[in-house]
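Structure, as C-alpha cells:
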Amino acid sequence: MPLPESRPDAAAPLVALRDVHLAFGRNAVLKGINLEVRRGQAVSIIGPSGSGKSTILRCITGLLKPHSGEIFLDGIDVRALKSERELIDLRKRVGFVFQQYNLFPHLTVLENLVIAPTRILGRDAAAARREAHALLDRVKLSGKAAAYPGELSGGQQQRVAIARALAMQPELILFDEVTSALDPETVGEVLTVIRELVQDGMTCVLVTHEMRFAEEVSDEVYFTEAGLIVERGAAHKIFSDPDSERTRSFLTRAVNGESDGRRQARNSFSPITFDRLKFSI
Amino acid sequence: MADSMDGAYAGNAPLLPQAGWRRPAWVLAALLVVLALSQWPALRQAPLAKHLLTWSPALLLGMLANIQISVLAMLIGTLAGLVIGALQLSGLRVVRVLTHCYVQTFRNAPMLILIYFSTYVFPFEIHVGAHYVAFPDWLKVTLGLALPASANVAEIFRGAILSIPAAQWEAASSLAFRRTQLLRWIILPQCLRRMLPPWMNLYAGITMGTALASLVGVHDLLDTAQIASTTVNRVDFTVAIYFTTLLLFFVYCYPISRYTHYLERKYAFT
C-alpha cells in the first residue's frame, strides 16, 4: 500500500504526538504526551526512570498502541494503522536502537546489517553488502564484519545496532537509552557515532540519561516525569535556566551525580548481562 | 561487556571435564571391555565363537530393523511434533488446550503401553478399494514410538520458541519484518540450534525404545538374540549374545550422545 506522499513542507513536523495516553493494565504510563520533532532535528527526552520515555518511542514506531491521543509521522496517523502491511511501511521509515542492542546472535555482524535491506526491502545482495561495509566503516568497525555479536563488546554491539538501523535508510532514528547498558569506557564511542549522525542532519529522538550529551547535541529537550511532559524547550535553556522547579532539581541531581548514575546503570545491567548469556546458550 | 564475557569463558572452562575417563560413559565402556575380557576363556572356546559368528549376520539384520523403526518413528514424530508444537502457541484457546492435552498424554505414557496400544488398536491390514494393504507389526511399533516422539518434539519446539527473548521479536519488528519473515529468518534459525541437542537425545531414547518391539513380535535385534539363545541353548552363549546386543545398541547410541554433548558445548558460546 503506498503511503501518502511525503510533503516537503519544512514547517510540518515529521513526528507529532498530541495528548497521548497509554496504560499497562491499571498502571497509567503516559498521561497526555505532546511532542513534536521536525526534520533534521535532534530531540532528547530526559527524566527519571519509569517516566514513560521508552514507551513514547515505542508508540512512535507502532510497537505499542496508545489508548487515546494522536500520533502522526509525516502526516500518517500511526494509531489508524491496522494491518501488518501498513505498520511495516511505517517501520521501514523509522529506525530503532535499543538499550540492549538486540542484535541477532545467530548472524554475523555483516548479516545483521544485510538481512533487513535484502529480505525486507528487496535490495540487491551485493549492493547491500557494499553499503553495510560502508556503514561499518562509518561506525569504525570495518574489521568486525565476520564476527558474531557475542564476540563484541557492548559498545561495539551498540554501534553495530546503529549501523543496522541505518542500513534501512530511515528518515528518523529512535534511540532508547542506548548507552545505559554500556561500560563508561565504551559510552564515548557510541555517543561519537550518534553525534556524527546528528551533524549529518539525521532526525533523531534520543531517550537518554547522558545529560551533558543531551545538552550538546539536542535542538530541543523534553523533560518527562510520571507520564507527563513537565517542560520542553531549547537545550541550553532547559539545562541552564529551566522554568520548572522539578526540572531544576532533577538536573541538579542528574548532572552532579552523573558518575553515580552511571554506576547505577552498570549495576542494573548486570542481571541483563546474564540474561544475554543465557540467551546464547 | 567484553570483560564479563571473557569472565564467563574463563569461569566455565575448568568445568568442562578434561580427563575423559571420569565420564560415566567411559566407565561403562571400560566395564564392558573388562567383562568381555573376563569372558575371554569362554569366548575362545571354538564352539562359542563359531556360534557367535554364525549368528552375527542375523543380529546385524535385527539391528537394522531397530534402526529402521527408530529413524522412521523419529521422522514421523518430528514432522508431527513441529506442527503440534506450533499449534501449542496458537492464538486460539481451543487449539492450545487440545494440543496441550495431546502432548501431556503422550509425553507421560510408558512407551511399552503405547506400543501395545498401537499394535492392538490398528488393524493388521487395510482395505483400500479392492486391495488389502498389509499393516505390518513393525510399522505399528513405529507409529507407537512416533506418538511419544511427536509429543516430545512438540515440547522441545515450543520451549525453543519461548526461549527466544521478546527483545528479538521487538528488534525484528522495528526493522519492518513481517511475522512470517520474522519467524523464518530470526526466530526459527535460533530455535534450530537450541532444539538440536534435545532432539538428538530424544532420538537416542527412541532408539533404545525400539528394543520393546520384540515384545509384540517384531523380528528385531532383541528378538533375534532370544531366538539365537534358545536355539543354541548354551549358558555361555546366552550371556555372550546379550552382551553383544547391549554392545550393538551402545555402539549406535553412544556416538549420538557424544555428538549431542559436543553440540551443546559448541552452541553454548556462539
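Chain identifiers are assigned as A, B, and so on, following the order in which chains appear in the C-alpha cells; residues are numbered from 1 within each chain, and ligands are numbered from 1 in order of appearance.
Within stretch 85-250 of chain B, DSSP applied to the backbone places the following residues in strand (DSSP E): Glu125, Ile126, His127, Val128, His131, Tyr132, Val133 and Ala134 of chain B.
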Handout entry: Counting only C-alpha atoms, chain A residues within 6 Å of chain B, as a ChimeraX atom specification
Key = /A:88,91-92,153-154,281
Practice task
Quick one: everything within 12 Å of B:Pro197, counting only C-alpha atoms, minus sequence neighbours fewer than 4 positions away in the same chain. Send it as a PyMOL selection string.
Solution key: (chain A and resi 281) or (chain B and resi 153+156-157+160+191-193+201-204+256-268)
Create the file for the chosen residues now, containing C-alpha atoms and written as a short mmCIF file (atom, residue, chain, number, x, y, z; two decimals), in the first residue's frame.
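Result file is again01.cif:
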```cif
data_model
loop_
_atom_site.label_atom_id
_atom_site.label_comp_id
_atom_site.auth_asym_id
_atom_site.auth_seq_id
_atom_site.Cartn_x
_atom_site.Cartn_y
_atom_site.Cartn_z
CA ILE A 281 23.04 -20.99 25.16
CA VAL B 153 9.39 -32.78 19.74
CA ILE B 156 11.13 -29.11 22.53
CA PHE B 157 9.92 -26.85 19.73
CA ALA B 160 12.79 -23.29 21.97
CA CYS B 191 15.38 -22.32 17.66
CA LEU B 192 17.02 -24.96 15.47
CA ARG B 193 20.33 -24.65 17.27
CA ASN B 201 18.79 -37.03 22.96
CA LEU B 202 15.22 -37.93 22.15
CA TYR B 203 16.37 -39.92 19.14
CA ALA B 204 18.75 -41.93 21.30
CA ILE B 256 24.91 -39.80 19.18
CA SER B 257 25.11 -38.85 22.82
CA ARG B 258 28.73 -37.73 22.42
CA TYR B 259 27.84 -35.62 19.41
CA THR B 260 24.91 -34.10 21.32
CA HIS B 261 27.25 -33.19 24.10
CA TYR B 262 29.62 -31.61 21.60
CA LEU B 263 26.80 -29.57 20.05
CA GLU B 264 25.62 -28.41 23.45
CA ARG B 265 29.07 -27.08 24.24
CA LYS B 266 29.52 -25.60 20.81
CA TYR B 267 26.27 -23.63 20.88
CA ALA B 268 26.72 -22.58 24.48
#
```
Practice task
Pick out the residues sitting within 12 Å of B:Gly81, and hand them over as a count of residues only; count only C-alpha atoms, and ignore anything fewer than 4 positions along from it in its own chain.
Solution key: 29
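Relative to atom CA of A:Ala12, atom CA of A:Ala167 is found at 26.0 Å.
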Practice task
Go through A:Asn102, A:Ser142, A:Ser180, A:Thr203 one by one, measure the shortest atom-to-atom distance of each to A:Leu166 using only C-alpha atoms, and give the residue with the smallest value.
Solution key: A:Thr203
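You will find atom CA of A:Cys204 at 19.5 Å from atom CA of A:Lys237.
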Handout entry: Residue neighbourhood stretch 18-27 of chain A, 9 Å, only C-alpha atoms, exclusion window fewer than 6 positions, as a PyMOL selection string
Key = chain A and resi 33-36+55-56+64-72+227
May I have the selected residues written with N, CA and C atoms, as an mmCIF file, in the first residue's frame?
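Result went into result30.cif, see below:
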```cif
data_model
loop_
_atom_site.group_PDB
_atom_site.id
_atom_site.type_symbol
_atom_site.label_atom_id
_atom_site.label_comp_id
_atom_site.auth_asym_id
_atom_site.auth_seq_id
_atom_site.Cartn_x
_atom_site.Cartn_y
_atom_site.Cartn_z
ATOM 1 N N ILE A 33 0.837 13.007 26.457
ATOM 2 C CA ILE A 33 2.138 13.440 25.956
ATOM 3 C C ILE A 33 1.951 14.263 24.684
ATOM 4 N N ASN A 34 2.590 15.420 24.645
ATOM 5 C CA ASN A 34 2.634 16.227 23.428
ATOM 6 C C ASN A 34 4.097 16.373 23.033
ATOM 7 N N LEU A 35 4.366 16.071 21.767
ATOM 8 C CA LEU A 35 5.768 16.104 21.351
ATOM 9 C C LEU A 35 5.831 16.369 19.859
ATOM 10 N N GLU A 36 6.817 17.144 19.466
ATOM 11 C CA GLU A 36 6.982 17.427 18.036
ATOM 12 C C GLU A 36 8.448 17.325 17.655
ATOM 13 N N THR A 55 8.506 4.280 26.408
ATOM 14 C CA THR A 55 7.157 3.993 25.904
ATOM 15 C C THR A 55 6.784 4.954 24.777
ATOM 16 N N ILE A 56 7.205 6.207 24.911
ATOM 17 C CA ILE A 56 6.913 7.190 23.860
ATOM 18 C C ILE A 56 7.529 6.730 22.537
ATOM 19 N N LEU A 64 3.899 -0.162 20.311
ATOM 20 C CA LEU A 64 2.843 -0.085 21.327
ATOM 21 C C LEU A 64 1.748 0.820 20.776
ATOM 22 N N LYS A 65 0.528 0.503 21.178
ATOM 23 C CA LYS A 65 -0.593 1.306 20.694
ATOM 24 C C LYS A 65 -1.176 2.116 21.843
ATOM 25 N N PRO A 66 -1.160 3.439 21.738
ATOM 26 C CA PRO A 66 -1.739 4.243 22.819
ATOM 27 C C PRO A 66 -3.264 4.107 22.846
ATOM 28 N N HIS A 67 -3.841 4.385 24.001
ATOM 29 C CA HIS A 67 -5.288 4.225 24.152
ATOM 30 C C HIS A 67 -6.046 5.435 23.634
ATOM 31 N N SER A 68 -5.416 6.594 23.749
ATOM 32 C CA SER A 68 -6.053 7.768 23.173
ATOM 33 C C SER A 68 -4.972 8.752 22.781
ATOM 34 N N GLY A 69 -5.389 9.766 22.040
ATOM 35 C CA GLY A 69 -4.436 10.747 21.551
ATOM 36 C C GLY A 69 -4.081 10.478 20.101
ATOM 37 N N GLU A 70 -3.250 11.347 19.546
ATOM 38 C CA GLU A 70 -2.900 11.222 18.132
ATOM 39 C C GLU A 70 -1.395 11.122 17.970
ATOM 40 N N ILE A 71 -0.976 10.264 17.049
ATOM 41 C CA ILE A 71 0.435 10.201 16.687
ATOM 42 C C ILE A 71 0.518 10.321 15.168
ATOM 43 N N PHE A 72 1.237 11.305 14.709
ATOM 44 C CA PHE A 72 1.415 11.455 13.265
ATOM 45 C C PHE A 72 2.877 11.353 12.910
ATOM 46 N N GLY A 227 4.813 10.216 33.327
ATOM 47 C CA GLY A 227 3.904 10.143 32.185
ATOM 48 C C GLY A 227 3.471 11.488 31.627
#
```
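The spacing separating atom CA of A:Arg248 from atom CA of A:Gln41 amounts to 24.0 Å.
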Handout entry: Shell of 10 Å around A:Glu210, only C-alpha atoms, local chain residues under 4 positions omitted, as a ChimeraX atom specification
Key = /A:44,46,177-180,187,191,206,214-215,254-255,258,261-262
